[in-house]
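Structure below is model-v1.cif: mmCIF, C-alpha atoms.
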data_upload
#
loop_
_atom_site.label_atom_id
_atom_site.label_comp_id
_atom_site.auth_asym_id
_atom_site.auth_seq_id
_atom_site.Cartn_x
_atom_site.Cartn_y
_atom_site.Cartn_z
CA MET A 104 -67.72 -29.05 -113.31
CA ALA A 105 -64.16 -29.84 -112.25
CA TYR A 106 -61.99 -28.33 -109.53
CA LEU A 107 -58.87 -29.23 -107.61
CA LYS A 108 -59.52 -30.79 -104.22
CA PRO A 109 -58.67 -28.60 -101.22
CA THR A 110 -55.42 -29.50 -99.48
CA ASP A 111 -54.19 -29.29 -95.90
CA ASP A 112 -51.31 -27.08 -97.03
CA GLU A 113 -53.77 -24.56 -98.44
CA SER A 114 -55.93 -24.76 -95.31
CA ARG A 115 -52.87 -24.16 -93.15
CA ARG A 116 -51.72 -21.17 -95.19
CA ILE A 117 -55.08 -19.40 -95.28
CA LEU A 118 -55.96 -20.14 -91.67
CA ALA A 119 -52.59 -18.89 -90.41
CA ALA A 120 -53.04 -15.60 -92.26
CA LEU A 121 -56.52 -15.14 -90.79
CA LEU A 122 -55.43 -15.92 -87.22
CA LYS A 123 -52.64 -13.33 -87.34
CA VAL A 124 -55.23 -10.55 -87.75
CA ASP A 125 -56.71 -9.44 -84.42
CA THR A 126 -60.51 -9.20 -84.67
CA CYS A 127 -61.22 -9.60 -80.96
CA GLN A 128 -64.28 -8.15 -79.33
CA PRO A 129 -65.25 -5.67 -78.08
CA GLU A 130 -63.54 -3.55 -80.76
CA GLY A 131 -63.84 -6.17 -83.51
CA ARG A 132 -62.01 -4.17 -86.16
CA GLU A 133 -63.36 -6.58 -88.77
CA GLY A 134 -62.48 -4.09 -91.48
CA ASP A 135 -58.82 -5.06 -90.92
CA ILE A 136 -59.36 -8.63 -92.13
CA LEU A 137 -61.67 -8.09 -95.10
CA PRO A 138 -58.90 -7.03 -97.55
CA LEU A 139 -57.07 -10.25 -96.67
CA ILE A 140 -60.19 -12.33 -97.33
CA ARG A 141 -60.70 -10.58 -100.66
CA SER A 142 -57.08 -11.24 -101.62
CA PHE A 143 -57.73 -14.99 -101.45
CA LEU A 144 -60.83 -14.80 -103.66
CA PRO A 145 -61.02 -14.50 -107.46
CA LYS A 146 -61.79 -11.03 -108.78
CA THR A 147 -64.71 -12.56 -110.70
CA CYS A 148 -66.68 -12.63 -107.45
CA VAL A 149 -69.11 -9.77 -106.93
CA PHE A 150 -68.09 -8.09 -103.68
CA ARG A 151 -70.12 -5.90 -101.38
CA VAL A 152 -68.80 -4.23 -98.23
CA ILE A 153 -71.18 -3.05 -95.52
CA ASP A 154 -69.62 -0.37 -93.33
CA HIS A 155 -70.88 -0.29 -89.73
CA GLY A 156 -68.55 2.53 -88.64
CA GLY A 157 -65.69 2.47 -86.18
CA GLY A 158 -63.60 0.12 -88.32
CA ARG A 159 -66.31 -2.52 -88.30
CA GLN A 160 -67.33 -3.98 -91.65
CA SER A 161 -69.01 -7.01 -93.15
CA LEU A 162 -68.48 -8.51 -96.60
CA THR A 163 -70.37 -10.58 -99.15
CA ALA A 164 -68.72 -12.34 -102.09
CA GLU A 165 -71.11 -13.72 -104.67
CA ILE A 166 -70.79 -16.05 -107.62
CA PRO A 167 -73.71 -14.99 -109.85
CA GLY A 168 -76.13 -17.64 -111.05
CA ARG A 169 -78.12 -17.98 -114.23
CA ARG A 170 -81.15 -17.22 -112.10
CA GLN A 171 -81.28 -14.40 -109.61
CA THR A 172 -83.28 -16.30 -107.00
CA GLY A 173 -82.84 -19.47 -104.96
CA ALA A 174 -79.43 -18.50 -103.57
CA LEU A 175 -77.21 -20.88 -101.66
CA VAL A 176 -75.84 -18.87 -98.72
CA PHE A 177 -72.72 -19.66 -96.70
CA LEU A 178 -72.70 -17.73 -93.43
CA GLY A 179 -69.74 -17.08 -91.14
CA HIS A 180 -68.43 -14.39 -88.79
CA VAL A 181 -64.95 -12.90 -88.69
CA ASP A 182 -64.94 -11.46 -85.16
CA THR A 183 -63.70 -13.44 -82.15
CA VAL A 184 -64.05 -13.19 -78.40
CA SER A 185 -61.31 -11.55 -76.37
CA CYS A 186 -58.04 -13.39 -75.76
CA GLY A 187 -58.16 -12.70 -72.03
CA ASN A 188 -54.66 -12.50 -70.59
CA PRO A 189 -52.20 -13.51 -73.36
CA LYS A 190 -49.76 -14.67 -70.66
CA ASP A 191 -52.15 -17.52 -69.85
CA TRP A 192 -51.70 -18.94 -73.37
CA GLN A 193 -49.07 -21.55 -74.16
CA TYR A 194 -48.61 -19.84 -77.55
CA GLU A 195 -49.19 -16.18 -78.37
CA PRO A 196 -52.89 -16.04 -79.39
CA HIS A 197 -52.24 -14.40 -82.78
CA SER A 198 -49.08 -16.31 -83.73
CA ALA A 199 -50.93 -19.14 -85.55
CA TYR A 200 -48.58 -21.65 -83.96
CA SER A 201 -48.81 -25.04 -85.69
CA ALA A 202 -47.79 -28.46 -84.36
CA ASP A 203 -48.95 -32.08 -84.73
CA GLY A 204 -51.66 -31.19 -87.22
CA LEU A 205 -53.18 -28.55 -84.95
CA MET A 206 -53.15 -24.77 -85.28
CA TYR A 207 -53.49 -22.58 -82.20
CA GLY A 208 -54.91 -19.10 -81.90
CA ARG A 209 -57.88 -17.05 -80.88
CA GLY A 210 -60.64 -17.82 -83.34
CA ALA A 211 -59.08 -21.03 -84.65
CA ALA A 212 -62.24 -23.03 -83.92
CA ASP A 213 -64.73 -20.15 -83.63
CA MET A 214 -64.59 -19.56 -86.41
CA LYS A 215 -61.69 -18.64 -88.63
CA GLY A 216 -61.39 -22.29 -89.54
CA GLY A 217 -64.86 -21.99 -91.03
CA ILE A 218 -63.90 -18.74 -92.77
CA ALA A 219 -60.87 -20.49 -94.33
CA ALA A 220 -63.11 -23.31 -95.59
CA MET A 221 -65.54 -20.75 -97.05
CA ILE A 222 -62.67 -18.98 -98.81
CA MET A 223 -61.38 -22.21 -100.38
CA THR A 224 -64.90 -23.14 -101.47
CA ALA A 225 -65.56 -19.76 -103.10
CA ALA A 226 -62.19 -19.81 -104.84
CA ARG A 227 -62.65 -23.34 -106.19
CA LEU A 228 -66.15 -22.66 -107.46
CA ALA A 229 -65.25 -19.36 -109.10
CA ASP A 230 -62.08 -20.75 -110.68
CA SER A 231 -63.92 -23.76 -112.14
CA GLY A 232 -65.37 -21.49 -114.82
CA ALA A 233 -68.82 -23.08 -114.50
CA GLN A 234 -71.72 -20.76 -113.82
CA PRO A 235 -74.09 -22.04 -111.15
CA GLU A 236 -77.80 -22.20 -111.76
CA VAL A 237 -78.44 -20.08 -108.65
CA PRO A 238 -76.35 -17.42 -106.89
CA ILE A 239 -73.82 -18.70 -104.36
CA ARG A 240 -73.28 -16.05 -101.71
CA PHE A 241 -70.55 -16.07 -99.07
CA CYS A 242 -71.40 -13.80 -96.13
CA PHE A 243 -68.61 -12.72 -93.77
CA THR A 244 -70.24 -10.91 -90.85
CA ALA A 245 -69.05 -8.62 -88.09
CA ASP A 246 -70.08 -8.74 -84.43
CA GLU A 247 -71.60 -12.22 -84.17
CA GLU A 248 -70.04 -12.67 -80.74
CA LYS A 249 -72.01 -9.78 -79.29
CA GLY A 250 -74.97 -8.12 -80.97
CA GLY A 251 -75.11 -9.48 -84.52
CA LEU A 252 -74.42 -6.10 -86.13
CA GLY A 253 -73.27 -7.63 -89.41
CA VAL A 254 -75.98 -10.21 -89.99
CA LEU A 255 -78.71 -7.75 -89.01
CA ALA A 256 -77.40 -5.23 -91.56
CA MET A 257 -77.36 -7.92 -94.26
CA LYS A 258 -80.89 -8.93 -93.30
CA GLN A 259 -82.06 -5.31 -93.46
CA GLU A 260 -80.55 -4.93 -96.91
CA GLY A 261 -82.39 -8.02 -98.15
CA LEU A 262 -79.33 -10.18 -98.71
CA PHE A 263 -81.13 -13.29 -97.45
CA ASP A 264 -84.52 -12.67 -99.06
CA ASP A 265 -83.70 -14.83 -102.10
CA ALA A 266 -82.05 -17.65 -100.14
CA ALA A 267 -83.22 -21.21 -100.77
CA ALA A 268 -80.69 -22.86 -98.42
CA MET A 269 -78.14 -21.76 -95.83
CA ILE A 270 -74.98 -23.39 -94.51
CA VAL A 271 -73.83 -21.88 -91.21
CA CYS A 272 -70.11 -22.60 -91.05
CA GLU A 273 -69.72 -22.68 -87.24
CA PRO A 274 -67.66 -25.49 -85.64
CA SER A 275 -69.59 -28.76 -85.40
CA ASP A 276 -66.98 -31.35 -84.35
CA ASN A 277 -66.93 -33.42 -87.56
CA MET A 278 -70.74 -33.61 -87.56
CA ILE A 279 -73.64 -31.54 -88.85
CA SER A 280 -76.44 -29.89 -86.88
CA PHE A 281 -79.97 -29.02 -87.85
CA CYS A 282 -80.99 -27.19 -84.65
CA GLU A 283 -79.67 -24.79 -82.06
CA LYS A 284 -80.83 -23.52 -78.70
CA GLY A 285 -82.13 -20.00 -78.30
CA ALA A 286 -80.87 -17.48 -75.76
CA LEU A 287 -82.85 -15.00 -73.69
CA TRP A 288 -80.71 -12.78 -71.47
CA LEU A 289 -82.44 -10.67 -68.81
CA HIS A 290 -81.15 -7.89 -66.56
CA LEU A 291 -83.12 -7.03 -63.41
CA ASP A 292 -82.60 -3.95 -61.22
CA ILE A 293 -84.23 -3.99 -57.78
CA TRP A 294 -84.64 -1.16 -55.26
CA GLY A 295 -85.57 -1.70 -51.62
CA VAL A 296 -84.96 0.03 -48.31
CA ALA A 297 -81.79 -0.16 -46.22
CA SER A 298 -81.86 -0.96 -42.52
CA HIS A 299 -79.58 -2.26 -39.79
CA ALA A 300 -79.16 -6.02 -40.29
CA SER A 301 -80.09 -6.61 -36.63
CA ARG A 302 -83.61 -5.39 -37.47
CA PRO A 303 -84.17 -6.55 -41.07
CA TYR A 304 -87.94 -6.12 -40.80
CA LEU A 305 -87.41 -2.35 -40.95
CA GLY A 306 -85.91 -2.64 -44.41
CA ARG A 307 -86.71 -4.08 -47.82
CA ASN A 308 -83.95 -6.52 -48.80
CA ALA A 309 -83.26 -6.08 -52.52
CA VAL A 310 -81.05 -9.20 -52.65
CA GLU A 311 -83.75 -11.43 -51.14
CA TYR A 312 -86.36 -10.06 -53.57
CA GLY A 313 -83.95 -10.96 -56.35
CA MET A 314 -83.69 -14.50 -54.98
CA TRP A 315 -87.50 -14.73 -54.91
CA PHE A 316 -87.63 -13.55 -58.54
CA VAL A 317 -85.11 -16.19 -59.63
CA LYS A 318 -87.02 -19.00 -57.90
CA LYS A 319 -90.36 -18.02 -59.44
CA LEU A 320 -88.99 -17.48 -62.94
CA ARG A 321 -87.13 -20.79 -62.90
CA GLU A 322 -90.41 -22.59 -62.16
CA LYS A 323 -91.79 -21.18 -65.42
CA ALA A 324 -88.69 -21.35 -67.61
CA GLU A 325 -87.57 -24.90 -66.80
CA ASP A 326 -90.93 -26.40 -67.69
CA GLY A 327 -89.86 -30.02 -68.10
CA ARG A 328 -90.24 -30.26 -71.89
CA VAL A 329 -87.41 -32.22 -73.54
CA HIS A 330 -86.10 -31.87 -77.08
CA PRO A 331 -84.74 -35.14 -78.54
CA ILE A 332 -81.34 -33.57 -79.28
CA LEU A 333 -81.06 -30.32 -77.33
CA GLY A 334 -82.50 -31.55 -74.04
CA SER A 335 -84.38 -29.08 -71.83
CA THR A 336 -84.55 -25.33 -71.45
CA THR A 337 -82.02 -24.21 -68.83
CA MET A 338 -81.72 -21.08 -66.74
CA ALA A 339 -78.56 -19.78 -65.08
CA VAL A 340 -78.01 -16.73 -62.89
CA THR A 341 -74.75 -15.38 -64.27
CA ARG A 342 -74.44 -12.10 -62.34
CA PHE A 343 -75.85 -11.09 -58.94
CA GLN A 344 -74.67 -8.04 -57.03
CA GLY A 345 -76.04 -6.18 -54.03
CA GLY A 346 -75.18 -4.87 -50.62
CA THR A 347 -72.45 -2.69 -49.14
CA MET A 348 -71.67 -4.20 -45.74
CA THR A 349 -72.45 -7.38 -43.83
CA ASN A 350 -74.51 -5.54 -41.22
CA VAL A 351 -76.63 -3.47 -43.67
CA VAL A 352 -79.77 -4.76 -45.35
CA PRO A 353 -79.13 -4.03 -49.06
CA ALA A 354 -81.32 -1.36 -50.65
CA GLU A 355 -80.19 -2.09 -54.21
CA ALA A 356 -79.32 -5.15 -56.24
CA PHE A 357 -79.07 -6.29 -59.81
CA LEU A 358 -78.88 -9.67 -61.44
CA GLU A 359 -78.55 -11.15 -64.91
CA ILE A 360 -80.03 -14.40 -66.15
CA ASP A 361 -79.13 -16.54 -69.16
CA ILE A 362 -82.00 -18.75 -70.36
CA ARG A 363 -81.20 -21.27 -73.12
CA THR A 364 -84.39 -22.39 -74.79
CA ILE A 365 -85.43 -25.32 -76.95
CA PRO A 366 -87.50 -24.99 -80.15
CA GLY A 367 -91.14 -24.22 -79.41
CA THR A 368 -90.38 -22.03 -76.38
CA SER A 369 -91.87 -18.55 -76.62
CA HIS A 370 -89.44 -15.85 -75.56
CA GLN A 371 -92.31 -13.38 -75.53
CA VAL A 372 -94.16 -15.49 -72.95
CA LEU A 373 -91.02 -15.83 -70.82
CA THR A 374 -90.43 -12.08 -70.95
CA GLU A 375 -94.04 -11.32 -70.09
CA THR A 376 -93.79 -13.76 -67.17
CA ALA A 377 -90.69 -11.97 -65.87
CA GLU A 378 -92.40 -8.59 -66.23
CA GLN A 379 -95.43 -9.87 -64.30
CA LEU A 380 -93.16 -11.10 -61.51
CA CYS A 381 -91.75 -7.58 -61.27
CA ARG A 382 -95.26 -6.17 -60.96
CA ASP A 383 -96.18 -8.78 -58.35
CA MET A 384 -93.07 -7.90 -56.34
CA GLN A 385 -93.91 -4.21 -56.33
CA ALA A 386 -97.60 -4.75 -55.62
CA GLY A 387 -96.90 -7.09 -52.71
CA TYR A 388 -94.35 -4.97 -50.90
CA SER A 389 -94.31 -1.23 -50.32
CA ASN A 390 -91.20 0.75 -51.17
CA VAL A 391 -89.91 -1.91 -53.56
CA GLY A 392 -89.07 -1.17 -57.21
CA ALA A 393 -87.99 -3.40 -60.08
CA ARG A 394 -87.03 -2.85 -63.72
CA LEU A 395 -86.49 -5.60 -66.30
CA THR A 396 -84.33 -5.20 -69.42
CA VAL A 397 -83.93 -7.73 -72.22
CA ILE A 398 -80.27 -7.65 -73.27
CA ASN A 399 -80.28 -10.50 -75.81
CA ASP A 400 -83.09 -12.33 -77.57
CA ARG A 401 -82.16 -15.17 -79.94
CA ALA A 402 -84.85 -17.67 -80.85
CA ALA A 403 -84.19 -21.41 -80.91
CA ILE A 404 -84.23 -22.71 -84.48
CA GLU A 405 -84.67 -26.10 -86.11
CA CYS A 406 -84.64 -27.42 -89.67
CA PRO A 407 -87.52 -29.85 -90.46
CA TYR A 408 -86.48 -33.45 -89.93
CA ASP A 409 -88.19 -34.82 -93.02
CA GLY A 410 -87.18 -32.12 -95.49
CA ASP A 411 -85.45 -32.73 -98.81
CA PHE A 412 -82.71 -30.27 -97.86
CA ARG A 413 -81.85 -32.29 -94.78
CA ASN A 414 -81.44 -35.43 -96.87
CA ARG A 415 -79.25 -33.66 -99.42
CA ALA A 416 -77.02 -32.20 -96.72
CA ALA A 417 -76.66 -35.61 -95.11
CA ALA A 418 -75.73 -37.15 -98.46
CA SER A 419 -72.88 -34.68 -98.94
CA ALA A 420 -71.76 -35.17 -95.34
CA ARG A 421 -71.64 -38.93 -95.87
CA ALA A 422 -69.67 -38.52 -99.10
CA CYS A 423 -67.04 -36.44 -97.29
CA GLY A 424 -66.63 -38.68 -94.29
CA LEU A 425 -68.57 -36.59 -91.76
CA SER A 426 -70.49 -38.26 -88.97
CA LEU A 427 -74.29 -38.43 -89.28
CA GLU A 428 -74.79 -38.77 -85.54
CA LYS A 429 -77.66 -36.51 -84.45
CA ARG A 430 -76.45 -33.36 -82.78
CA GLY A 431 -77.45 -29.78 -82.14
CA HIS A 432 -75.76 -26.58 -81.04
CA TYR A 433 -76.24 -25.28 -77.51
CA PHE A 434 -74.94 -21.83 -78.38
CA PHE A 435 -76.54 -19.37 -80.77
CA THR A 436 -75.23 -18.41 -84.21
CA ASP A 437 -75.98 -15.59 -86.66
CA ALA A 438 -78.72 -17.83 -88.07
CA SER A 439 -80.81 -17.13 -84.96
CA LEU A 440 -81.30 -13.58 -86.28
CA VAL A 441 -82.30 -14.75 -89.77
CA ILE A 442 -84.22 -18.03 -89.68
CA PRO A 443 -87.16 -17.01 -87.45
CA ASP A 444 -88.24 -14.32 -89.94
CA LEU A 445 -87.00 -16.00 -93.12
CA PRO A 446 -87.62 -19.74 -92.65
CA VAL A 447 -84.83 -21.03 -94.88
CA PRO A 448 -83.67 -24.66 -94.56
CA PHE A 449 -80.26 -24.66 -92.91
CA VAL A 450 -77.46 -26.78 -91.53
CA ILE A 451 -74.79 -25.81 -89.02
CA ALA A 452 -71.61 -27.46 -90.22
CA GLY A 453 -68.05 -26.28 -89.91
CA PRO A 454 -64.50 -27.25 -89.02
CA GLY A 455 -63.33 -27.46 -85.45
CA ASP A 456 -64.69 -28.72 -82.16
CA ASP A 457 -67.14 -26.27 -80.60
CA LYS A 458 -65.87 -27.31 -77.14
CA LYS A 459 -62.60 -25.58 -78.10
CA ALA A 460 -64.37 -22.27 -78.74
CA HIS A 461 -63.59 -19.33 -76.43
CA ILE A 462 -61.03 -21.25 -74.36
CA ILE A 463 -57.39 -20.51 -73.57
CA ASN A 464 -55.13 -22.24 -76.15
CA GLU A 465 -57.99 -22.51 -78.64
CA CYS A 466 -57.00 -24.77 -81.51
CA ILE A 467 -58.26 -26.65 -84.55
CA ALA A 468 -57.19 -29.65 -86.61
CA VAL A 469 -56.09 -28.33 -90.00
CA SER A 470 -57.48 -31.45 -91.66
CA SER A 471 -60.93 -30.47 -90.37
CA VAL A 472 -60.78 -27.23 -92.38
CA THR A 473 -59.96 -29.21 -95.52
CA ARG A 474 -62.72 -31.75 -94.92
CA PHE A 475 -65.41 -29.13 -94.51
CA ALA A 476 -64.26 -27.28 -97.61
CA GLU A 477 -64.80 -30.60 -99.42
CA PHE A 478 -68.28 -30.84 -97.87
CA TYR A 479 -69.20 -27.31 -98.97
CA LEU A 480 -67.94 -27.98 -102.48
CA ASP A 481 -69.78 -31.28 -102.73
CA PHE A 482 -73.03 -29.72 -101.58
CA ALA A 483 -72.67 -26.74 -103.91
CA LYS A 484 -71.79 -28.93 -106.89
CA LYS A 485 -74.81 -31.17 -106.34
CA ASN A 486 -77.32 -28.47 -105.45
CA ALA A 487 -76.38 -25.14 -107.08
CA PHE A 488 -75.43 -26.37 -110.54
CA GLY A 489 -78.26 -27.48 -112.78
CA ARG A 490 -80.87 -28.29 -110.13
CA PRO A 491 -84.42 -27.39 -111.19
#

Starting from the file, give its structure as structure tokens.
Amino acid sequence: MAYLKPTDDESRRILAALLKVDTCQPEGREGDILPLIRSFLPKTCVFRVIDHGGGRQSLTAEIPGRRQTGALVFLGHVDTVSCGNPKDWQYEPHSAYSADGLMYGRGAADMKGGIAAMIMTAARLADSGAQPEVPIRFCFTADEEKGGLGVLAMKQEGLFDDAAAMIVCEPSDNMISFCEKGALWLHLDIWGVASHASRPYLGRNAVEYGMWFVKKLREKAEDGRVHPILGSTTMAVTRFQGGTMTNVVPAEAFLEIDIRTIPGTSHQVLTETAEQLCRDMQAGYSNVGARLTVINDRAAIECPYDGDFRNRAAASARACGLSLEKRGHYFFTDASLVIPDLPVPFVIAGPGDDKKAHIINECIAVSSVTRFAEFYLDFAKKNAFGRP
């Protein structure tokens, strides 16, 4: 099969159009950008829109294969985090300002650069006129930055059941990843008894019970195991609130904890440990209450090191000038809601530097978008056309 190589001019044009559409959380409004994405793709693609309500939508664009199974899936999300205060930006966050080979805007790195590369890949493959041996499916999801609404709907509708390989197009800093940390977010409410701070023994200090809970849970969560790429499981207290005045023992408190896990860590065991600590707290002290809520549960995932897929992905990366240095992702992607139940070989590989994600003055090198489109095309050409 033959196709024209992607160009930086095309990357710049598509990326600029995407960045000018506001898809910031919490509203998302992903339905606003899907017509634009479709306008860049050939009408020969088979489109499917999943409506989540409230202006939130996800999209799949498929190039049918001779066979109906063994699909190659490209996965990317179209929502972004909030811009924060636009006055803090050097350039207006939806202006797609371009200078010195960089393009600025909310979502440039995470991950409208990846969406642009997916679009160019789909367009090149469809326009080539060659029918792939297996379906090639481009999945544009809503709500990755919060609850995974889009990818969960696709999963429920069976859109990954036939997948033989998945490329997650998140930013990977000119490298490719075969693993990512999991995330377990916990919310704890604690009730105690107020008293005058001069006689704290008459009260039950909800803040101090929260501190005890954090210490005990950390002993279990940060267990010393080390992954060769992702390091160790970490735990951070990200919210802690309690008390009304300096001279009053607080009767209520709440805290939130972000645990980032390495492959092999059981989130169920960690949750059960936290629940047992709540029971121990209440059993050990009268007039103390505690309630635990899991607010996010994303398993750590890893592609087998010695798999054929891994070697094929590395070969395409090498051919396109990407680094083969071992790396992993410390943040979760939509794949964390797919891979644990559907163990598909995957790679996380996309334009942009993930350290630029979510920051003020987020930006991306336009050439990175072009390079990853070349990588996607090379992998698809070698693995979706004529492979047994």

(request) Any chance you could resolve the PyMOL selection byres ((chain A and resi 341-346) around 12) against this file and give the residues as a PyMOL selection string? (result) chain A and resi 288-300+307-314+317+338-340+347-362

(request) Could you jot down the atom CA of A:Cys242 to atom CA of A:Met257 separation for me, Å, one decimal place? (result)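 Atom CA of A:Cys242 sits 8.6 Å away from atom CA of A:Met257.
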
Report as a compact mmCIF listing (two decimals) with C-alpha atoms, in the coordinates of the input all protein, DNA and RNA residues lying within 8 Å of A:Gly131, evaluated on only C-alpha atoms, omitting residues in the same chain fewer than 5 positions from it.
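Written file, around28.txt:
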# COMPACT_ATOMS: atom_id res chain seq x y z
CA ASP A 125 -56.71 -9.44 -84.42
CA THR A 126 -60.51 -9.20 -84.67
CA GLY A 158 -63.60 0.12 -88.32
CA ARG A 159 -66.31 -2.52 -88.30
CA ASP A 182 -64.94 -11.46 -85.16
CA THR A 183 -63.70 -13.44 -82.15
CA ALA A 245 -69.05 -8.62 -88.09
CA ASP A 246 -70.08 -8.74 -84.43

Return as a Markdown table the residues of stretch 160-239 of chain A lying at most 6 Å from stretch 270-273 of chain A, together with the closest atom-to-atom pair for each and the distance in Å to one decimal, counting all atoms listed in the file, with rows in chain order and ascending residue number.
| residue | atom | partner | partner_atom | distance |
| --- | --- | --- | --- | --- |
| A:Phe177 | CA | A:Ile270 | CA | 4.9 |
| A:Leu178 | CA | A:Val271 | CA | 4.8 |
| A:Gly179 | CA | A:Cys272 | CA | 5.5 |
| A:Gly217 | CA | A:Cys272 | CA | 5.3 |

Explicit residue set for the PyMOL selection byres ((chain A and resi 449) around 12), as a PDB file with C-alpha atoms, in the frame of the given file:
ATOM      1  CA  LEU A 175     -77.210 -20.880-101.660  1.00  0.00           C
ATOM      2  CA  VAL A 176     -75.840 -18.870 -98.720  1.00  0.00           C
ATOM      3  CA  PHE A 177     -72.720 -19.660 -96.700  1.00  0.00           C
ATOM      4  CA  LEU A 178     -72.700 -17.730 -93.430  1.00  0.00           C
ATOM      5  CA  ALA A 266     -82.050 -17.650-100.140  1.00  0.00           C
ATOM      6  CA  ALA A 267     -83.220 -21.210-100.770  1.00  0.00           C
ATOM      7  CA  ALA A 268     -80.690 -22.860 -98.420  1.00  0.00           C
ATOM      8  CA  MET A 269     -78.140 -21.760 -95.830  1.00  0.00           C
ATOM      9  CA  ILE A 270     -74.980 -23.390 -94.510  1.00  0.00           C
ATOM     10  CA  VAL A 271     -73.830 -21.880 -91.210  1.00  0.00           C
ATOM     11  CA  CYS A 272     -70.110 -22.600 -91.050  1.00  0.00           C
ATOM     12  CA  ILE A 279     -73.640 -31.540 -88.850  1.00  0.00           C
ATOM     13  CA  SER A 280     -76.440 -29.890 -86.880  1.00  0.00           C
ATOM     14  CA  PHE A 281     -79.970 -29.020 -87.850  1.00  0.00           C
ATOM     15  CA  CYS A 282     -80.990 -27.190 -84.650  1.00  0.00           C
ATOM     16  CA  GLU A 283     -79.670 -24.790 -82.060  1.00  0.00           C
ATOM     17  CA  ILE A 404     -84.230 -22.710 -84.480  1.00  0.00           C
ATOM     18  CA  GLU A 405     -84.670 -26.100 -86.110  1.00  0.00           C
ATOM     19  CA  CYS A 406     -84.640 -27.420 -89.670  1.00  0.00           C
ATOM     20  CA  PRO A 407     -87.520 -29.850 -90.460  1.00  0.00           C
ATOM     21  CA  TYR A 408     -86.480 -33.450 -89.930  1.00  0.00           C
ATOM     22  CA  GLY A 410     -87.180 -32.120 -95.490  1.00  0.00           C
ATOM     23  CA  ASP A 411     -85.450 -32.730 -98.810  1.00  0.00           C
ATOM     24  CA  PHE A 412     -82.710 -30.270 -97.860  1.00  0.00           C
ATOM     25  CA  ARG A 413     -81.850 -32.290 -94.780  1.00  0.00           C
ATOM     26  CA  ASN A 414     -81.440 -35.430 -96.870  1.00  0.00           C
ATOM     27  CA  ARG A 415     -79.250 -33.660 -99.420  1.00  0.00           C
ATOM     28  CA  ALA A 416     -77.020 -32.200 -96.720  1.00  0.00           C
ATOM     29  CA  ALA A 417     -76.660 -35.610 -95.110  1.00  0.00           C
ATOM     30  CA  THR A 436     -75.230 -18.410 -84.210  1.00  0.00           C
ATOM     31  CA  ASP A 437     -75.980 -15.590 -86.660  1.00  0.00           C
ATOM     32  CA  ALA A 438     -78.720 -17.830 -88.070  1.00  0.00           C
ATOM     33  CA  SER A 439     -80.810 -17.130 -84.960  1.00  0.00           C
ATOM     34  CA  VAL A 441     -82.300 -14.750 -89.770  1.00  0.00           C
ATOM     35  CA  ILE A 442     -84.220 -18.030 -89.680  1.00  0.00           C
ATOM     36  CA  PRO A 443     -87.160 -17.010 -87.450  1.00  0.00           C
ATOM     37  CA  LEU A 445     -87.000 -16.000 -93.120  1.00  0.00           C
ATOM     38  CA  PRO A 446     -87.620 -19.740 -92.650  1.00  0.00           C
ATOM     39  CA  VAL A 447     -84.830 -21.030 -94.880  1.00  0.00           C
ATOM     40  CA  PRO A 448     -83.670 -24.660 -94.560  1.00  0.00           C
ATOM     41  CA  VAL A 450     -77.460 -26.780 -91.530  1.00  0.00           C
ATOM     42  CA  ILE A 451     -74.790 -25.810 -89.020  1.00  0.00           C
ATOM     43  CA  ALA A 452     -71.610 -27.460 -90.220  1.00  0.00           C
TER      44      ALA A 452
END

(request) Using only C-alpha atoms, find the one residue out of A:Val149, A:Leu425, A:Cys127, A:Met384 that sits nearest to A:Gly453. (result)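 Of the candidates, the smallest distance to A:Gly453 is held by A:Leu425.
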
(message) Using the chain letters and numbers from this file, what does the PyMOL selection byres ((chain A and resi 433) around 10) select? Give the answer as a VMD selection string.
(response) chain A and resid 282 to 286 332 to 334 363 to 365 403 430 to 432 434 to 436 457

(message) Taking 4 positions as the minimum chain separation for residues in the same chain, which residues sit within 9 Å of A:Ile467 when counting only C-alpha atoms? Answer as a ChimeraX atom specification.
(response) /A:204-208,211-212,216,454-456,459,471-472

(request) Determine the nearest neighbour of A:Leu228 from the options A:Lys108, A:Val124, A:His330, A:Thr336, counting all atoms listed in the file. (result) A:Lys108

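Atom pair atom CA of A:Gln193 / atom CA of A:Ile463 has a distance of 8.4 Å (rounded to one decimal).
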
(request) Kindly indicate which residue among A:Val181, A:Ile140, A:Ile218, A:Ala225 lies nearest to A:Ala483, using all atoms listed in the file for the distances. (result)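 Checking each of A:Val181, A:Ile140, A:Ile218, A:Ala225 against A:Ala483, counting all atoms listed in the file, the winner is A:Ala225.
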
(request) Using atom CA of A:Pro145 and atom CA of A:Ser470 as the two end points, give the distance in Å to one decimal. (result)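 Here the two named atoms are 23.4 Å from each other.
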
(request) Counting all atoms listed in the file, figure out which residue out of A:Thr244, A:Ser114, A:Gln128, A:Ser389 gets nearest to A:Gly187. (result)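 Closest to A:Gly187, using all atoms listed in the file: A:Gln128.
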
Find the residues of stretch 239-353 of chain A that sit at most 6 Å from stretch 163-172 of chain A; for each, write down the nearest two atoms and how far apart they are in Å, to one decimal. Count only C-alpha atoms. Sort by chain, then by number going up, and give it as CSV.
residue,atom,partner,partner_atom,distance
A:Ile239,CA,A:Ile166,CA,5.2
A:Arg240,CA,A:Glu165,CA,4.3
A:Phe241,CA,A:Ala164,CA,5.1
A:Cys242,CA,A:Thr163,CA,4.5
A:Asp265,CA,A:Thr172,CA,5.1
